[in-house]
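Shown next: entry-v3.csv, containing CSV, C-alpha atoms.
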```csv
chain,number,residue,atom,x,y,z
L,1,MET,CA,-13.6,-6.1,-4.5
L,2,PHE,CA,-10.0,-6.7,-3.6
L,3,LEU,CA,-10.1,-4.9,-0.2
L,4,GLU,CA,-13.1,-6.8,1.1
L,5,ASN,CA,-12.7,-7.9,4.7
L,6,ARG,CA,-9.8,-5.5,5.1
L,7,VAL,CA,-9.9,-2.8,7.8
L,8,ALA,CA,-8.2,0.5,7.0
L,9,LEU,CA,-7.3,3.5,9.2
L,10,VAL,CA,-6.7,6.8,7.3
L,11,THR,CA,-5.3,9.7,9.4
L,12,GLY,CA,-6.3,13.2,8.6
L,13,ALA,CA,-9.2,11.9,6.5
L,14,SER,CA,-11.7,14.6,6.8
L,15,GLN,CA,-10.5,16.7,3.8
L,16,GLY,CA,-8.0,16.9,0.9
L,17,ILE,CA,-5.9,13.9,0.0
L,18,GLY,CA,-6.9,11.9,3.1
L,19,ARG,CA,-10.6,12.3,2.3
L,20,ALA,CA,-10.0,11.0,-1.3
L,21,ILE,CA,-8.0,8.1,0.0
L,22,ALA,CA,-10.7,7.1,2.5
L,23,LEU,CA,-13.3,7.2,-0.2
L,24,ALA,CA,-11.2,5.2,-2.6
L,25,VAL,CA,-10.2,2.5,-0.1
L,26,ALA,CA,-13.9,2.2,0.9
L,27,LYS,CA,-15.0,1.9,-2.7
L,28,ASN,CA,-12.7,-1.1,-3.0
L,29,GLY,CA,-14.4,-2.9,-0.1
L,30,ALA,CA,-12.4,-2.0,3.0
L,31,ALA,CA,-14.0,-0.8,6.2
L,32,VAL,CA,-12.5,2.6,6.9
L,33,ALA,CA,-11.8,4.4,10.1
L,34,VAL,CA,-11.9,8.1,9.2
L,35,ASN,CA,-9.5,9.9,11.6
L,36,HIS,CA,-10.0,13.6,12.2
L,37,TYR,CA,-8.7,16.3,14.6
L,38,PRO,CA,-10.7,16.4,17.8
L,39,GLY,CA,-13.5,19.0,17.7
L,40,GLN,CA,-13.6,19.0,13.9
L,41,SER,CA,-15.9,16.2,13.3
L,42,ASP,CA,-18.3,17.8,10.8
L,43,GLN,CA,-16.2,17.1,7.7
L,44,ALA,CA,-15.3,13.6,8.9
L,45,ASP,CA,-19.0,12.9,9.4
L,46,LEU,CA,-19.6,13.9,5.8
L,47,VAL,CA,-16.9,11.5,4.6
L,48,VAL,CA,-18.4,8.7,6.7
L,49,GLU,CA,-21.9,9.5,5.3
L,50,GLN,CA,-20.7,9.5,1.8
L,51,ILE,CA,-19.0,6.1,2.2
L,52,ALA,CA,-22.2,4.7,3.9
L,53,MET,CA,-24.4,6.0,1.0
L,54,ALA,CA,-22.2,4.2,-1.5
L,55,GLY,CA,-22.7,1.0,0.5
L,56,GLY,CA,-19.4,1.0,2.3
L,57,ARG,CA,-18.5,0.8,6.0
L,58,ALA,CA,-16.9,3.6,7.9
L,59,PHE,CA,-16.8,5.4,11.2
L,60,PRO,CA,-15.2,8.6,12.4
L,61,VAL,CA,-12.5,8.5,15.0
L,62,ALA,CA,-11.2,11.7,16.7
L,63,ALA,CA,-7.5,11.8,17.7
L,64,ASP,CA,-4.7,14.3,17.6
L,65,VAL,CA,-2.1,12.0,16.0
L,66,SER,CA,0.8,14.0,17.3
L,67,LYS,CA,-0.1,12.7,20.8
L,68,ARG,CA,0.8,9.1,21.6
L,69,PRO,CA,-2.0,8.3,24.1
L,70,GLU,CA,-4.6,9.5,21.6
L,71,VAL,CA,-3.1,7.4,18.9
L,72,GLU,CA,-3.1,4.3,21.0
L,73,GLU,CA,-6.7,4.8,22.0
L,74,MET,CA,-7.6,5.4,18.4
L,75,VAL,CA,-6.0,2.2,17.2
L,76,ASP,CA,-7.6,0.2,20.0
L,77,SER,CA,-11.0,1.6,19.1
L,78,VAL,CA,-10.6,0.7,15.5
L,79,VAL,CA,-9.6,-2.9,16.4
L,80,LYS,CA,-12.5,-3.1,18.8
L,81,ARG,CA,-15.0,-1.8,16.3
L,82,PHE,CA,-13.9,-3.7,13.2
L,83,GLY,CA,-12.0,-6.7,14.7
L,84,SER,CA,-8.6,-6.0,13.1
L,85,LEU,CA,-6.4,-3.4,11.4
L,86,ASP,CA,-4.9,-4.4,8.1
L,87,ILE,CA,-4.2,-1.1,6.3
L,88,LEU,CA,-2.7,2.1,7.8
L,89,ILE,CA,-2.6,5.3,5.8
L,90,ASN,CA,-0.4,7.9,7.5
L,91,ASN,CA,-1.8,11.0,5.8
L,92,ALA,CA,-2.3,13.7,8.5
L,93,GLY,CA,-0.1,16.7,7.9
L,94,ILE,CA,0.2,20.4,8.3
L,95,THR,CA,2.4,23.2,6.9
L,96,ARG,CA,3.9,26.2,8.7
L,97,ASP,CA,5.8,27.8,5.8
L,98,GLN,CA,8.5,30.4,6.5
L,99,LEU,CA,12.0,31.0,5.3
L,100,LEU,CA,14.4,29.3,7.7
L,101,LEU,CA,15.9,32.5,9.1
L,102,ARG,CA,12.4,33.6,10.2
L,103,MET,CA,11.2,30.2,11.2
L,104,LYS,CA,10.0,30.0,14.8
L,105,ASP,CA,10.7,27.0,17.1
L,106,GLN,CA,7.0,26.4,17.3
L,107,ASP,CA,6.7,26.3,13.5
L,108,TRP,CA,9.4,23.6,13.4
L,109,ASP,CA,8.0,21.6,16.4
L,110,ALA,CA,4.4,21.6,15.3
L,111,VAL,CA,5.2,20.4,11.8
L,112,LEU,CA,7.6,17.7,13.0
L,113,ALA,CA,5.1,16.5,15.7
L,114,THR,CA,2.1,16.3,13.4
L,115,ASN,CA,3.8,15.1,10.2
L,116,LEU,CA,6.5,12.8,11.5
L,117,ASN,CA,5.9,11.9,15.2
L,118,SER,CA,2.4,10.8,14.2
L,119,VAL,CA,3.8,8.4,11.7
L,120,PHE,CA,6.0,6.8,14.4
L,121,TYR,CA,3.1,6.6,16.9
L,122,CYS,CA,0.5,5.3,14.4
L,123,THR,CA,2.8,2.8,12.7
L,124,ARG,CA,4.1,1.4,16.0
L,125,ALA,CA,0.6,1.0,17.4
L,126,ALA,CA,-0.8,-0.6,14.2
L,127,LEU,CA,2.2,-3.0,13.7
L,128,LYS,CA,1.3,-4.7,17.0
L,129,TRP,CA,-1.9,-5.9,15.4
L,130,MET,CA,-0.4,-6.5,11.9
L,131,LEU,CA,2.4,-8.7,13.4
L,132,LYS,CA,-0.2,-10.9,15.1
L,133,SER,CA,-2.2,-11.4,11.9
L,134,ARG,CA,1.0,-11.7,9.7
L,135,PHE,CA,-0.5,-9.2,7.3
L,136,GLY,CA,-0.3,-5.4,6.9
L,137,ARG,CA,0.0,-2.6,4.5
L,138,VAL,CA,1.3,0.8,5.6
L,139,VAL,CA,1.4,3.7,3.3
L,140,SER,CA,2.7,7.1,4.5
L,141,LEU,CA,2.2,10.3,2.6
L,142,ALA,CA,5.6,12.0,2.0
L,143,SER,CA,6.0,14.8,-0.4
L,144,VAL,CA,8.0,16.0,-3.5
L,145,VAL,CA,9.3,18.6,-1.0
L,146,GLY,CA,11.0,15.8,1.0
L,147,VAL,CA,12.6,14.5,-2.3
L,148,ILE,CA,13.8,17.7,-4.1
L,149,GLY,CA,13.2,20.4,-1.5
L,150,ASN,CA,11.4,23.7,-1.6
L,151,ALA,CA,12.4,27.1,-0.3
L,152,GLY,CA,10.3,28.1,2.7
L,153,GLN,CA,9.5,24.6,3.8
L,154,ALA,CA,12.5,23.4,5.7
L,155,ASN,CA,10.3,22.0,8.5
L,156,TYR,CA,7.8,20.4,6.1
L,157,GLY,CA,10.6,19.0,3.9
L,158,ALA,CA,12.4,17.6,6.9
L,159,SER,CA,9.3,15.9,8.2
L,160,LYS,CA,8.6,14.4,4.7
L,161,ALA,CA,12.1,13.3,4.1
L,162,GLY,CA,12.0,11.8,7.6
L,163,ILE,CA,8.9,9.7,6.6
L,164,ILE,CA,10.9,8.3,3.6
L,165,GLY,CA,13.8,7.2,5.9
L,166,PHE,CA,11.3,5.8,8.4
L,167,THR,CA,9.5,3.9,5.7
L,168,LYS,CA,12.6,2.2,4.4
L,169,CYS,CA,13.8,1.2,7.9
L,170,VAL,CA,10.5,-0.2,9.0
L,171,ALA,CA,9.9,-2.0,5.7
L,172,ARG,CA,13.1,-4.0,6.3
L,173,GLU,CA,12.1,-4.7,9.9
L,174,VAL,CA,8.7,-6.3,9.1
L,175,ALA,CA,9.1,-7.6,5.6
L,176,SER,CA,9.4,-11.2,6.8
L,177,ARG,CA,5.9,-10.9,8.4
L,178,GLY,CA,3.8,-10.1,5.3
L,179,ILE,CA,3.8,-6.4,6.1
L,180,ASN,CA,4.6,-4.0,3.3
L,181,VAL,CA,5.6,-0.4,4.1
L,182,ASN,CA,5.7,2.2,1.4
L,183,ALA,CA,5.4,5.9,0.8
L,184,VAL,CA,3.7,8.1,-1.7
L,185,ALA,CA,5.2,11.5,-2.5
L,186,PRO,CA,2.6,13.8,-4.0
L,187,GLY,CA,3.7,16.9,-5.9
L,188,TYR,CA,1.5,19.9,-6.3
L,189,ILE,CA,-2.0,18.7,-5.5
L,190,ARG,CA,-5.1,20.9,-5.5
L,191,THR,CA,-6.4,20.8,-1.8
L,192,GLU,CA,-7.3,23.2,1.0
L,193,MET,CA,-3.7,23.1,2.0
L,194,THR,CA,-2.3,24.3,-1.3
L,195,ASP,CA,-5.2,26.8,-1.9
L,196,ARG,CA,-3.4,29.0,0.6
L,197,ILE,CA,-0.5,29.5,-1.9
L,198,SER,CA,-0.8,32.9,-3.7
L,199,PRO,CA,-2.2,32.7,-7.3
L,200,GLN,CA,1.1,34.0,-8.7
L,201,ALA,CA,3.1,31.3,-6.9
L,202,GLN,CA,0.5,28.7,-8.1
L,203,ASP,CA,1.1,29.7,-11.7
L,204,GLU,CA,4.9,29.5,-11.3
L,205,LEU,CA,4.5,26.1,-9.7
L,206,GLN,CA,2.4,24.8,-12.5
L,207,GLY,CA,5.1,25.7,-14.9
L,208,THR,CA,7.5,23.3,-13.2
L,209,ILE,CA,5.2,20.3,-13.7
L,210,PRO,CA,6.2,18.3,-16.8
L,211,LEU,CA,2.6,16.9,-17.2
L,212,GLY,CA,1.4,20.5,-17.2
L,213,ARG,CA,-1.4,20.3,-14.7
L,214,ILE,CA,-1.9,20.5,-11.0
L,215,GLY,CA,-2.7,17.1,-9.5
L,216,THR,CA,-6.0,16.1,-7.8
L,217,PRO,CA,-6.5,14.2,-4.5
L,218,GLU,CA,-7.8,11.4,-6.7
L,219,ASP,CA,-4.5,11.1,-8.5
L,220,VAL,CA,-2.8,10.5,-5.1
L,221,ALA,CA,-5.6,8.2,-3.9
L,222,GLY,CA,-5.1,6.0,-7.0
L,223,ALA,CA,-1.5,5.4,-6.1
L,224,VAL,CA,-2.3,4.6,-2.5
L,225,VAL,CA,-5.0,2.1,-3.5
L,226,PHE,CA,-2.5,0.5,-5.8
L,227,LEU,CA,0.1,0.1,-3.0
L,228,VAL,CA,-2.5,-1.6,-0.7
L,229,SER,CA,-3.8,-3.8,-3.4
L,230,PRO,CA,-2.7,-7.4,-4.2
L,231,ALA,CA,-1.0,-5.9,-7.4
L,232,ALA,CA,1.6,-4.4,-5.1
L,233,ASP,CA,2.3,-7.5,-3.0
L,234,TYR,CA,5.9,-7.6,-4.1
L,235,ILE,CA,6.6,-3.9,-3.4
L,236,THR,CA,8.0,-2.6,-0.1
L,237,GLY,CA,10.2,0.1,1.1
L,238,GLN,CA,9.5,2.3,-2.0
L,239,VAL,CA,8.6,5.9,-2.5
L,240,LEU,CA,6.1,6.4,-5.4
L,241,ASN,CA,6.2,9.9,-6.7
L,242,VAL,CA,2.8,11.2,-7.8
L,243,ASP,CA,3.8,14.6,-9.0
L,244,GLY,CA,3.3,14.9,-12.7
L,245,GLY,CA,7.0,14.4,-13.2
L,246,MET,CA,8.3,17.1,-10.9
L,247,ALA,CA,10.9,14.8,-9.4
L,248,MET,CA,12.6,12.4,-11.8
F,1,MET,CA,-0.2,-13.9,39.2
F,2,ALA,CA,1.9,-14.4,42.3
F,3,ASP,CA,0.1,-17.7,43.0
F,4,LEU,CA,1.4,-19.3,39.9
F,5,ASN,CA,3.8,-22.1,40.5
F,6,ASP,CA,6.8,-22.9,38.3
F,7,GLN,CA,5.0,-25.5,36.3
F,8,ALA,CA,2.0,-23.3,35.6
F,9,ILE,CA,4.3,-20.5,34.5
F,10,PHE,CA,6.2,-22.9,32.3
F,11,GLU,CA,3.1,-24.2,30.7
F,12,LYS,CA,1.8,-20.7,29.9
F,13,VAL,CA,5.2,-19.6,28.5
F,14,ARG,CA,5.4,-22.8,26.4
F,15,SER,CA,1.9,-22.2,24.9
F,16,ILE,CA,3.0,-18.6,24.0
F,17,ILE,CA,6.2,-19.9,22.4
F,18,VAL,CA,4.3,-22.6,20.5
F,19,GLU,CA,1.9,-20.0,19.2
F,20,GLN,CA,4.5,-17.4,18.4
F,21,LEU,CA,7.3,-19.5,16.9
F,22,GLY,CA,5.2,-22.2,15.4
F,23,VAL,CA,7.2,-25.0,17.1
F,24,GLU,CA,5.9,-28.3,18.5
F,25,GLU,CA,5.0,-28.3,22.2
F,26,ASN,CA,7.4,-31.2,23.0
F,27,ALA,CA,10.3,-29.2,21.4
F,28,VAL,CA,10.0,-26.6,24.2
F,29,ALA,CA,11.8,-27.5,27.5
F,30,LEU,CA,13.3,-25.3,30.2
F,31,GLU,CA,16.8,-25.6,28.8
F,32,THR,CA,15.7,-24.9,25.2
F,33,SER,CA,17.3,-21.7,23.9
F,34,PHE,CA,15.3,-19.3,21.7
F,35,GLU,CA,18.1,-19.4,19.2
F,36,ALA,CA,17.7,-23.1,18.8
F,37,MET,CA,14.0,-22.5,18.0
F,38,ASN,CA,15.1,-20.3,15.1
F,39,ALA,CA,13.7,-17.1,16.7
F,40,ASP,CA,14.9,-14.0,15.0
F,41,SER,CA,15.1,-10.6,16.7
F,42,LEU,CA,11.5,-9.6,15.8
F,43,ASP,CA,10.2,-13.0,17.1
F,44,ILE,CA,12.0,-12.3,20.4
F,45,VAL,CA,10.4,-8.8,20.6
F,46,GLU,CA,6.9,-10.2,19.9
F,47,LEU,CA,7.5,-13.0,22.4
F,48,ILE,CA,8.6,-10.5,25.1
F,49,MET,CA,5.5,-8.4,24.4
F,50,ALA,CA,3.2,-11.4,24.6
F,51,LEU,CA,4.8,-12.4,28.0
F,52,GLU,CA,4.4,-8.9,29.3
F,53,GLU,CA,0.7,-8.9,28.3
F,54,THR,CA,0.0,-12.4,29.7
F,55,PHE,CA,1.7,-12.0,33.0
F,56,GLY,CA,1.0,-8.2,33.5
F,57,ILE,CA,4.7,-7.4,33.9
F,58,GLU,CA,7.2,-5.1,32.2
F,59,ILE,CA,10.4,-6.6,30.9
F,60,PRO,CA,13.0,-3.8,30.3
F,61,ASP,CA,15.3,-4.2,27.3
F,62,GLU,CA,18.3,-4.9,29.6
F,63,ALA,CA,16.5,-7.8,31.2
F,64,ALA,CA,15.1,-9.1,27.9
F,65,GLU,CA,18.6,-9.4,26.4
F,66,LYS,CA,19.4,-11.9,29.1
F,67,LEU,CA,16.4,-14.2,28.5
F,68,LEU,CA,18.2,-16.6,26.3
F,69,THR,CA,16.4,-19.8,27.3
F,70,VAL,CA,12.8,-20.8,28.2
F,71,GLY,CA,14.0,-21.5,31.8
F,72,THR,CA,15.5,-18.0,32.2
F,73,ALA,CA,12.2,-16.5,31.0
F,74,VAL,CA,10.2,-18.6,33.5
F,75,GLU,CA,12.6,-17.6,36.3
F,76,TYR,CA,12.3,-13.9,35.4
F,77,ILE,CA,8.5,-14.1,35.4
F,78,LYS,CA,8.5,-15.9,38.7
F,79,ALA,CA,10.7,-13.3,40.3
F,80,ASN,CA,8.9,-10.3,38.9
F,81,SER,CA,5.2,-11.1,38.9
```
Same coordinates, now as structure tokens:
Amino acid sequence: MFLENRVALVTGASQGIGRAIALAVAKNGAAVAVNHYPGQSDQADLVVEQIAMAGGRAFPVAADVSKRPEVEEMVDSVVKRFGSLDILINNAGITRDQLLLRMKDQDWDAVLATNLNSVFYCTRAALKWMLKSRFGRVVSLASVVGVIGNAGQANYGASKAGIIGFTKCVAREVASRGINVNAVAPGYIRTEMTDRISPQAQDELQGTIPLGRIGTPEDVAGAVVFLVSPAADYITGQVLNVDGGMAM
Amino acid sequence: MADLNDQAIFEKVRSIIVEQLGVEENAVALETSFEAMNADSLDIVELIMALEETFGIEIPDEAAEKLLTVGTAVEYIKANS
């Protein structure tokens, strides 16, 4: 298993795409820290249990990733528990959709804090360890919305485009230290987050996907596993679109 | 750390440099510049962080920029720990 002896931290891993990533990374041998929002440990416990039953190693770690002190405590606890931190998957994200003219300050601030500030806090904290070990793989979840835009998601799209810029800058900063930093930009993926979209809008969305189907969390997890695998050792600073061809 | 004398500080700093920059111990003297040891900007940042951790001090960016040689780093640590 190519991720054996690797330690991974997946943020927002109790459901949706994060959950699929945690399971996939564990399946390939990595020990996985399953981050979840404080007070919502039930689903994270299930993910940990599922990994353990498949013979993998995992433990849940609560932290609001939009808060720096909680992030630093989380990263320290992962290193304490597993002895290192080799793989960081910045996945935690929220939506607060609204047309811009009706968008409230809180909608903007909350999305930027959870989706983008978290990537800054988590990556900075994780890089400290990765620099010491001269190895690291960081993959952040961007979105097709950050690449081609989407009406009603100015906050979300800005946060996701921000992740792409962040990824390219940091990739250049740490490339000489064996640390690869990439992003995955999912398109329309069937998760709890997208289930909230109206059936009519879902049908319309599906019509815009060249491959003709809505994606699954596993579609995205496969791309993430590729980027943290030895097959992607020569890839850094890239955005891999996993969107059925929505953005070309 | 206030009880550390110059030599003790130097030896600690030197061991951090040897570890961080992968240079030979006898290549690190008080007058040696970090530039001469081929330290790039990220090396310097890592070095500063290691010094902060080891000596329990904070080295602000403005001060860090002036630490160009091993000797200036030792002096700074002596004055601020």
How far is it from CA of Glu192 in chain L to CA of Thr167 in chain L, in Å with one decimal?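 These two atoms are separated by 26.0 Å.
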Give me, as a ChimeraX atom specification, the residues of chain L touching chain F, with the criterion being at most 12 Å (counting all atoms listed in the file). /L:127-134,170,172-177
Mind checking which residues fall within 6 Å of range 89-104 of chain L, counting all atoms listed in the file, ignoring those fewer than 5 positions away in the same chain, and posting them as an mmCIF file with C-alpha atoms, in the coordinates of the input?
```cif
data_model
loop_
_atom_site.group_PDB
_atom_site.id
_atom_site.type_symbol
_atom_site.label_atom_id
_atom_site.label_comp_id
_atom_site.auth_asym_id
_atom_site.auth_seq_id
_atom_site.Cartn_x
_atom_site.Cartn_y
_atom_site.Cartn_z
ATOM 1 C CA VAL L 10 -6.700 6.800 7.300
ATOM 2 C CA THR L 11 -5.300 9.700 9.400
ATOM 3 C CA GLY L 12 -6.300 13.200 8.600
ATOM 4 C CA GLY L 18 -6.900 11.900 3.100
ATOM 5 C CA THR L 114 2.100 16.300 13.400
ATOM 6 C CA ASN L 115 3.800 15.100 10.200
ATOM 7 C CA VAL L 119 3.800 8.400 11.700
ATOM 8 C CA VAL L 138 1.300 0.800 5.600
ATOM 9 C CA VAL L 139 1.400 3.700 3.300
ATOM 10 C CA SER L 140 2.700 7.100 4.500
ATOM 11 C CA LEU L 141 2.200 10.300 2.600
ATOM 12 C CA GLY L 152 10.300 28.100 2.700
ATOM 13 C CA GLN L 153 9.500 24.600 3.800
#
```
Tell me, in Å to one decimal, how far CA of Gly146 in chain L is from CA of Asp233 in chain L. 25.2 Å
Please work out which residues fall within 9 Å of (-2.6, -7.1, -0.6), coordinates as given in the file, with all atoms listed in the file counting, and return them as a list of chain:residue names.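 Selection result: L:Phe2, L:Leu3, L:Phe135, L:Gly136, L:Arg137, L:Asn180, L:Leu227, L:Val228, L:Ser229, L:Pro230, L:Ala231, L:Ala232, L:Asp233.
You will find CA of Ile57 in chain F at 17.2 Å from CA of Glu11 in chain F.
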So, counting all atoms listed in the file, which residue among L:Ile148, L:Val47, L:Met248, L:Val7 is closest to Ala20 in chain L?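 Nearest candidate to Ala20 in chain L out of L:Ile148, L:Val47, L:Met248, L:Val7: L:Val47.
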Calculated over only C-alpha atoms, which of the candidates F:Ala36, F:Ile17, F:Leu30, F:Val23 has the smallest distance to Val74 in chain F?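 Of F:Ala36, F:Ile17, F:Leu30, F:Val23, the one nearest Val74 in chain F, counting only C-alpha atoms, is F:Leu30.
Nearest-residue note for Ala39 in chain F: choosing from F:Ala79, F:Ala8, F:Leu21, F:Ile16, the minimum distance belongs to F:Leu21, counting only C-alpha atoms.
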Which residues, protein or nucleic acid, reach to within 8 Å of (5.7, -24.3, 28.4) in the file's coordinates when using all atoms listed in the file, and can you give that as a PDB file with C-alpha atoms, in the frame of the given file?
```pdb
ATOM      1  CA  ILE F   9       4.300 -20.500  34.500  1.00  0.00           C
ATOM      2  CA  PHE F  10       6.200 -22.900  32.300  1.00  0.00           C
ATOM      3  CA  GLU F  11       3.100 -24.200  30.700  1.00  0.00           C
ATOM      4  CA  LYS F  12       1.800 -20.700  29.900  1.00  0.00           C
ATOM      5  CA  VAL F  13       5.200 -19.600  28.500  1.00  0.00           C
ATOM      6  CA  ARG F  14       5.400 -22.800  26.400  1.00  0.00           C
ATOM      7  CA  SER F  15       1.900 -22.200  24.900  1.00  0.00           C
ATOM      8  CA  ILE F  16       3.000 -18.600  24.000  1.00  0.00           C
ATOM      9  CA  ILE F  17       6.200 -19.900  22.400  1.00  0.00           C
ATOM     10  CA  GLU F  25       5.000 -28.300  22.200  1.00  0.00           C
ATOM     11  CA  VAL F  28      10.000 -26.600  24.200  1.00  0.00           C
ATOM     12  CA  ALA F  29      11.800 -27.500  27.500  1.00  0.00           C
ATOM     13  CA  LEU F  30      13.300 -25.300  30.200  1.00  0.00           C
ATOM     14  CA  VAL F  70      12.800 -20.800  28.200  1.00  0.00           C
TER      15      VAL F  70
END
```
Compare F:Val18, F:Pro60, F:Glu75, F:Glu31 by their minimum atom-to-atom distance to Leu47 in chain F, counting only C-alpha atoms, and give me the closest one. F:Val18
Kindly indicate which residue among L:Thr216, L:Asn150, L:Asn241, L:Gln202 lies nearest to Val184 in chain L, using only C-alpha atoms for the distances.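 Closest to Val184 in chain L, using only C-alpha atoms: L:Asn241.
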Show which residues sit within 6 Å of range 28-34 of chain L, as a PyMOL selection string. Count all atoms listed in the file, and ignore same-chain residues fewer than 6 positions away. chain L and resi 1+3-4+6-10+13+57-61
